[in-house]
Structure formats: structure tokens, C-alpha cells
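See below for the structure under consideration.
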Amino acid sequence: MLGLERHRAALTVLAATGVACLAVMLAGAAIGSVAFPFPAIVDAIVHPTASTEVGRILWDLRLARVLLAALVGGALGISGMLLQTMLRNPLVDPYLTGTSAGAACAVAIGIAAGVASPALPLMAFLAALGTAAIVAALARTGAGISTERLILAGVSLSALFGGVVTLVILLAPAQSMTLSILGWLGGSLAGRGWGDLRIASLYALVGTIVAFALAPALNALRLGERRARALGVDVDRMQWAIVGSSALLTAAAVSVSGLVGFVGLIVPHVVRRLVGSDARFALPASALVGAMFVVGADTLARSIVPPVELPLGVLLSMIGVPAFIYLAFRRRPA
Amino acid sequence: MIAMRDVALAYGGCRVLEHVDLEVRAGELLALVGPNGAGKSTLLRSIAGTMPLDGGSLIVAERALATLSARERGRLVSLVEAEGPVPEGMTVGDVVAMGRLPFRAWWQWSSHDADRAAVDAALERLGLTAMRARLFGELSSGERQRVWIALAVAQDARLLLLDEPTSHLDLRHAYDALTLVRSLVADGHGAVVVLHDLNLAAAFADRIALLGARTLLACGPPSTVLEEARLRSAYGIPIAVRHEPDGRVVTFVDRAVLR
């Protein structure tokens, strides 16, 4: 049967993507200012208690960072796929709901006000969720969410908070503060560790479970809202669940990495080419491809000109945009 | 199967229909006719539960529509609308398989044998088996229409609501589509079909409901509803009606009056 064959093909691609993702993560653990051979990495991961130099660097620094990069990429990938499917718009990215602008605004004000840096991720997280809640409340019509109003409210609120961030940068009392804010806006995982991972992964896990539970109904939404309703989908409740889980995922990512743009926009496009649009395959694939992207970019960011770290978000745009243009505009054989 | 009492409907804050009393029985095909903007599609959507009532009561399968959960509604009523977005990247088989969604719990990601059998049967019945792997977006509008009907057949709801199912079809395919609806009705389904062609309505429907002037103007067998004076007033144009000796009714625009 053709349907089953296609499912099998999608599952094969999904498994291959999983293996590729694991390979990129191992490479991320091996590459750095000190490079380790693969066998030493695998040995150190299998024997976490052995106190070798490889083990120490790996467990204290690199593993947490690689896992965080995977979390950020995976969360943004799923979030982008959820919103693009719900809004049936390939130009939508996870920051549409205002999460990034809200978080940036809170972090900028926090830095300028001298808030201690360990408190910043929590501030970013709460501001991201708060902004998404305001955007969703503005887009509310009756029991559901109007997709046009969601886009309008998200874009407007993002512009407002963007303006505030620029103002704070201009008026910041010290140059070091300006640089910290710009550093956060450029996106980075420098200095993040297990503590950040524990908190962010909890939220990302909840968001991911909700997203995956929505997969079959998300497919119905591809037929249009009205047809989905006629097929017994509670569209109103589903829209809230999609916006909520996508905001939770994005807030978890933004709180640890700052602004990492473009992943949430490009990943769904790559995934649709790999496994098609069926949400049951597209959502897990988005997590894997997103993780692969950000782990790869973060590895490059810290190994191109060591010991200087390039901003992750900037690097992702510089690699991601040409790759995206190639994917989107290359001529396909007739 | 459906019982409407004093139903009122609003669209964009404006009342489009009021005081509608209508019944549809199992094993009956009711054609909904009337000029554009008379509220035919709105009425259909309200029966499907995708549009709230502005007044009155609506009973579907002996239960008030408002008390049914979305999934229960999806199992009882299927709605076929040609208008709407074209699903990206879905094949004919994928689209028809969505008809089984009301029968799956949210955690069930894959379809059961019964679902697959229902989809296969629906594709077969609409002559789409050879097309199942084709992308929906690449089909002609007539073929798309057949796919939507196949989705409704796979959904196997007791009540079928079809909004202009013949709108993109040539006479042959329109005939085939309505013949299929008749065969579903013969199986015990109830059907409400919005039609613009009064002759098709007269040929295939058991009863015709004529909407106009924000209400239900008439409802009954084709020979009693399709009356010259009534149609002329509803559509505002000279329409002639000819009653054949065998009971059939033929309607046509009366060009003699136009001249």
C-alpha cells in the first residue's frame, strides 16, 4: 500500500536524521580549544566517574553545552513547525508571538539596572511567556484565536519592545552594559551549564509533550480551520495549546541562549523536504534538525577563532541564510 | 435525524436567517436552494456545529447539538465544502484518511485496519483508487470535489451535509456525485445538499427547502415547492415552471418575458 510505504520512508529518514544528530553532538563534544579523539569521548561518556582530563572537560564544560545547544535548536525547531502549520504560513517563526522581543526587553532593562547575571535567564523566561500571553490575549476572538490578529499583535508588540531595547542600549550608563545587551541579542551559550540545562529542559519537555500530542489534530488543521472543526477537532482549544506550547518552548530556548534567530524559520522548510508535512513525522524531525543546526553552529562559534567566541545567532544567520536561499531557490530538475 | 425549531442565524453580526423550522429524516435527501446570500451555507455550517446558533434549537440524532462534544459531532455529521485552503503536501489518500480522525483518540498516531478499510472503500466508491498517491494540489477542481466527498464517505457519518457539491463539476460528474449521494441515502444516511441548479434538485431530492427573504419560504416535495410565483419572487427574475404528466418538474428562465 502506497501510504504505508511513504510512512516507512519517512521513518527511515527520521532514523537517519537521529543518527546524524547524534554524530554532530559527538563532534560538538570532541571539537573545541582542546580537541579529543572520538574513542576518548565515548570512553569518558560511558565512564562518568573516571577522573581523567578528558572526562573533566567533557562533563564540566562541553557536554552540558552540547545538550543545551541541542535543546535550544530542538525547541525552536518544534515551535517553528507548530506555528507554521497552525497559521499555514511558511514565513512565520517562533518569535512571532513576541517571546524574543519580550525577553530581550526584560534582559536589556535588567542589565542596565544592574541585575545579577544569574537572575537574567529567569527574567527572560518570564518576560517571554508574559509577552506571548499578551499577544494571545489580543488575538483572542470568542473562544479561539484569530490567526490574522495573532500575527498583527505579535509584530506590533515585537516592534514596541524592539524600540525599548534600542532606547535602553542608547541610554545605558556604562559601555560594558551596552556590550552585555548586544552580546545577549547576538545569542550565545557561553558560560551556561548543567543548572541552566536542568531548568530549561523541564519546560522544553512539557512543551514537547503537548506538541507531540497535538500531531494528529495538527494534520487536520492543514485542511483549514472549518474542515478541522467538522472533523471533530476542538480548534479553539487546540489553538491555545499550540500557542502555549510554542511559547513555552521558545521561552525555554531564549532564556538560556539569548536571541538565536532563523532556526525556527528554516528548520520547518528543511524538514518538509526531508519527511513531508505530516506532523507525526515533521515534529520529531524538526527537533532533530534544529538540534543538529544549533549544536553545529555553536561548535563552530567556539572553535573558529579560539579563545574568542563568535555570537551564535549571528553565525547561524551567516551560515543559515545562504543555505536557505540555496534550498528555496535552486532550480529543480523538470 | 435533524429537527430545527425557530432557528435564527447571524453572520458578521447581521441576522441572515430567522424562524426556520426544518426536519430531515434518515434515508432522505433534502436539497437546500435559494438565491446567493440567502443563508444556505450558513445553515449547513450551523447543522455541522461549526457556526453557533443565534436563537432557537437544533436537535441532531435526538440530542441537542450544543450538548455534543466536537468528536461526537464529527462522528454524526460530515460537512463537505469546496471552499477553503488547499492542503499542502497531502496526497488524495492522506486527505480521505482524515475522515477517520473522529474515530481516533488523540494518542493514536496510526490508523487501525478498520480505518484503512473505510478509506479504501471510500476511494473505491468515488473511483479514486488509482489516484490515491497523487498530490491533492495537482488535481482539477472537479477531482478535488470528488476527494472531499470521499472524505465524507470515509467519515461514515449518519448525516451528510454537502455545500454545492456540483459547483465545479460538468453535467456527467454532477450526475455521478448526486447519484452517489442518493446511494448513501438508500443506505440509511440523511443528506442535506445545497444546490443552485433547480432541475438537479428536482431530479435528485426527496424534498426541497427554499430559502429567501431571511427565512424558510417553503419546504416540501419538488412539485409543490417549485412554483412559478414563489420562485419569481424569491429570485426576482422571470422563471417558468413546467409540470410534466409523470410528476417531474422542469424549471427554466423564461426568455419570452425577458424580450
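Naming scheme: A, B, ... for chains in displayed order of the C-alpha cells; residues 1 onward per chain; ligands 1 onward as shown.
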
What are the residues of chain B that have an atom within 10 Å of an atom of chain A, counting only C-alpha atoms, as a PyMOL selection string? chain B and resi 45+48-51+69-81+83-91+93-95+97-110+116+132-133+151-152+155

Contacts of Val24 (chain B) at 7 Å (only C-alpha atoms; same-chain gap of 4+ positions) as an mmCIF file with C-alpha atoms, in the first residue's frame:
```cif
data_model
loop_
_atom_site.group_PDB
_atom_site.id
_atom_site.type_symbol
_atom_site.label_atom_id
_atom_site.label_comp_id
_atom_site.auth_asym_id
_atom_site.auth_seq_id
_atom_site.Cartn_x
_atom_site.Cartn_y
_atom_site.Cartn_z
ATOM 1 C CA MET B 1 -32.399 12.941 12.269
ATOM 2 C CA ILE B 2 -32.348 16.759 12.386
ATOM 3 C CA ALA B 3 -35.057 18.880 13.968
ATOM 4 C CA GLU B 28 -33.918 11.329 2.925
ATOM 5 C CA LEU B 30 -33.125 17.374 1.240
ATOM 6 C CA GLY B 190 -29.612 11.524 5.795
#
```

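When only C-alpha atoms are used to measure the gap to Val155 (chain A), the shortest distance among A:Val243, A:Leu96, A:Ala132, A:Ala323 belongs to A:Leu96.
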
So what do you get for CA of Ala137 (chain A) versus CA of Ala103 (chain A), distance-wise? 17.8 Å

I want to know what sits within 8 Å of Gly220 (chain B), based on only C-alpha atoms, with residues of the same chain fewer than 4 positions away left out; could you give that as a list in words? Arg207, Ile208, Ala209, Thr224 and Val225 of chain B

Write out as a PDB file with C-alpha atoms, in the first residue's frame each polymer residue whose atoms come within 7 Å of region 28-44 of chain A, counting only C-alpha atoms; drop sequence neighbours fewer than 3 positions from it.
```
ATOM      1  CA  VAL A  24      27.037  16.124  15.241  1.00  0.00           C
ATOM      2  CA  MET A  25      26.608  16.154  19.020  1.00  0.00           C
ATOM      3  CA  HIS A  47      32.561   6.058  32.471  1.00  0.00           C
ATOM      4  CA  PRO A  48      31.391   9.337  34.004  1.00  0.00           C
ATOM      5  CA  VAL A  54      39.035  14.343  29.041  1.00  0.00           C
ATOM      6  CA  GLY A  55      36.298  13.359  31.461  1.00  0.00           C
ATOM      7  CA  LEU A  58      33.693  16.884  28.908  1.00  0.00           C
ATOM      8  CA  ARG A  62      31.282  20.566  26.892  1.00  0.00           C
ATOM      9  CA  LEU A  63      28.506  18.011  27.430  1.00  0.00           C
ATOM     10  CA  VAL A  66      26.212  20.492  23.608  1.00  0.00           C
ATOM     11  CA  VAL A 295      24.968  22.188  18.003  1.00  0.00           C
ATOM     12  CA  GLY A 296      26.910  22.524  14.737  1.00  0.00           C
ATOM     13  CA  THR A 299      30.716  24.202  17.851  1.00  0.00           C
ATOM     14  CA  ARG A 302      33.653  28.475  19.806  1.00  0.00           C
ATOM     15  CA  SER A 303      36.281  26.867  17.560  1.00  0.00           C
ATOM     16  CA  PRO A 306      39.603  30.431  19.867  1.00  0.00           C
TER      17      PRO A 306
END
```

Which of region 106-198 of chain B counts as helix (DSSP H, G or I) under DSSP, as a PyMOL selection string please? chain B and resi 113-125+129-131+136-138+141-155+171-186+198

Expected file contents, prior selection, C-alpha atoms, as a PDB file, in the first residue's frame:
```
ATOM      1  CA  ASP B 113      -7.322  -1.883   9.998  1.00  0.00           C
ATOM      2  CA  ALA B 114     -10.946  -0.710  10.187  1.00  0.00           C
ATOM      3  CA  ASP B 115      -9.840   2.858   9.344  1.00  0.00           C
ATOM      4  CA  ARG B 116      -7.778   1.683   6.410  1.00  0.00           C
ATOM      5  CA  ALA B 117     -10.653  -0.456   5.127  1.00  0.00           C
ATOM      6  CA  ALA B 118     -13.039   2.526   5.363  1.00  0.00           C
ATOM      7  CA  VAL B 119     -10.576   4.724   3.431  1.00  0.00           C
ATOM      8  CA  ASP B 120     -10.047   2.054   0.763  1.00  0.00           C
ATOM      9  CA  ALA B 121     -13.806   1.610   0.371  1.00  0.00           C
ATOM     10  CA  ALA B 122     -14.387   5.374   0.114  1.00  0.00           C
ATOM     11  CA  LEU B 123     -11.684   5.743  -2.553  1.00  0.00           C
ATOM     12  CA  GLU B 124     -13.147   2.803  -4.455  1.00  0.00           C
ATOM     13  CA  ARG B 125     -16.682   4.181  -4.294  1.00  0.00           C
ATOM     14  CA  THR B 129      -8.225   4.286  -6.035  1.00  0.00           C
ATOM     15  CA  ALA B 130      -5.794   4.837  -8.902  1.00  0.00           C
ATOM     16  CA  MET B 131      -5.301   8.444  -7.832  1.00  0.00           C
ATOM     17  CA  PHE B 136      -4.195  16.884  -3.865  1.00  0.00           C
ATOM     18  CA  GLY B 137      -2.887  20.264  -5.032  1.00  0.00           C
ATOM     19  CA  GLU B 138      -2.282  18.893  -8.532  1.00  0.00           C
ATOM     20  CA  SER B 141     -11.319  21.262  -9.202  1.00  0.00           C
ATOM     21  CA  GLY B 142     -13.739  18.539 -10.230  1.00  0.00           C
ATOM     22  CA  GLU B 143     -11.383  15.830  -8.945  1.00  0.00           C
ATOM     23  CA  ARG B 144     -10.891  17.761  -5.697  1.00  0.00           C
ATOM     24  CA  GLN B 145     -14.636  17.858  -5.221  1.00  0.00           C
ATOM     25  CA  ARG B 146     -14.756  14.069  -5.501  1.00  0.00           C
ATOM     26  CA  VAL B 147     -11.954  13.762  -2.929  1.00  0.00           C
ATOM     27  CA  TRP B 148     -13.922  15.869  -0.425  1.00  0.00           C
ATOM     28  CA  ILE B 149     -16.954  13.656  -0.953  1.00  0.00           C
ATOM     29  CA  ALA B 150     -14.740  10.577  -0.472  1.00  0.00           C
ATOM     30  CA  LEU B 151     -13.553  12.065   2.835  1.00  0.00           C
ATOM     31  CA  ALA B 152     -17.185  12.340   3.954  1.00  0.00           C
ATOM     32  CA  VAL B 153     -17.833   8.744   2.880  1.00  0.00           C
ATOM     33  CA  ALA B 154     -14.787   7.579   4.897  1.00  0.00           C
ATOM     34  CA  GLN B 155     -16.112   9.554   7.866  1.00  0.00           C
ATOM     35  CA  LEU B 171     -23.075  17.551 -16.027  1.00  0.00           C
ATOM     36  CA  ARG B 172     -21.765  13.999 -16.099  1.00  0.00           C
ATOM     37  CA  HIS B 173     -19.773  14.335 -12.873  1.00  0.00           C
ATOM     38  CA  ALA B 174     -22.590  16.264 -11.200  1.00  0.00           C
ATOM     39  CA  TYR B 175     -24.901  13.392 -12.082  1.00  0.00           C
ATOM     40  CA  ASP B 176     -22.389  10.856 -10.716  1.00  0.00           C
ATOM     41  CA  ALA B 177     -21.887  12.818  -7.474  1.00  0.00           C
ATOM     42  CA  LEU B 178     -25.599  13.141  -6.775  1.00  0.00           C
ATOM     43  CA  THR B 179     -26.229   9.518  -7.743  1.00  0.00           C
ATOM     44  CA  LEU B 180     -23.622   8.592  -5.148  1.00  0.00           C
ATOM     45  CA  VAL B 181     -25.326  10.749  -2.523  1.00  0.00           C
ATOM     46  CA  ARG B 182     -28.607   9.011  -3.401  1.00  0.00           C
ATOM     47  CA  SER B 183     -26.966   5.611  -2.908  1.00  0.00           C
ATOM     48  CA  LEU B 184     -25.709   6.728   0.536  1.00  0.00           C
ATOM     49  CA  VAL B 185     -29.218   7.897   1.354  1.00  0.00           C
ATOM     50  CA  ALA B 186     -30.519   4.493   0.261  1.00  0.00           C
ATOM     51  CA  LEU B 198     -33.186  23.678  -9.504  1.00  0.00           C
TER      52      LEU B 198
END
```

Quick one: residues within 7 Å of region 10-19 of chain A, only C-alpha atoms counted, chain neighbours fewer than 4 positions away excluded, as number ranges by chain? A: 6, 23, 274-275, 281, 285, 288

Determine, counting only C-alpha atoms, which protein, DNA and RNA residues have an atom within 10 Å of an atom of Ala143 (chain A); residues of the same chain fewer than 3 positions away are not included. Present the result as a ChimeraX atom specification. /A:140,146,235-237,239-240

What separates CA of Leu29 (chain B) and CA of Asp206 (chain B) is a distance of 5.4 Å

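For the residues A:Val305, A:Met81, A:Leu22, A:Leu67, ranking by smallest atom-to-atom distance to Arg198 (chain A) using only C-alpha atoms places A:Leu67 first.
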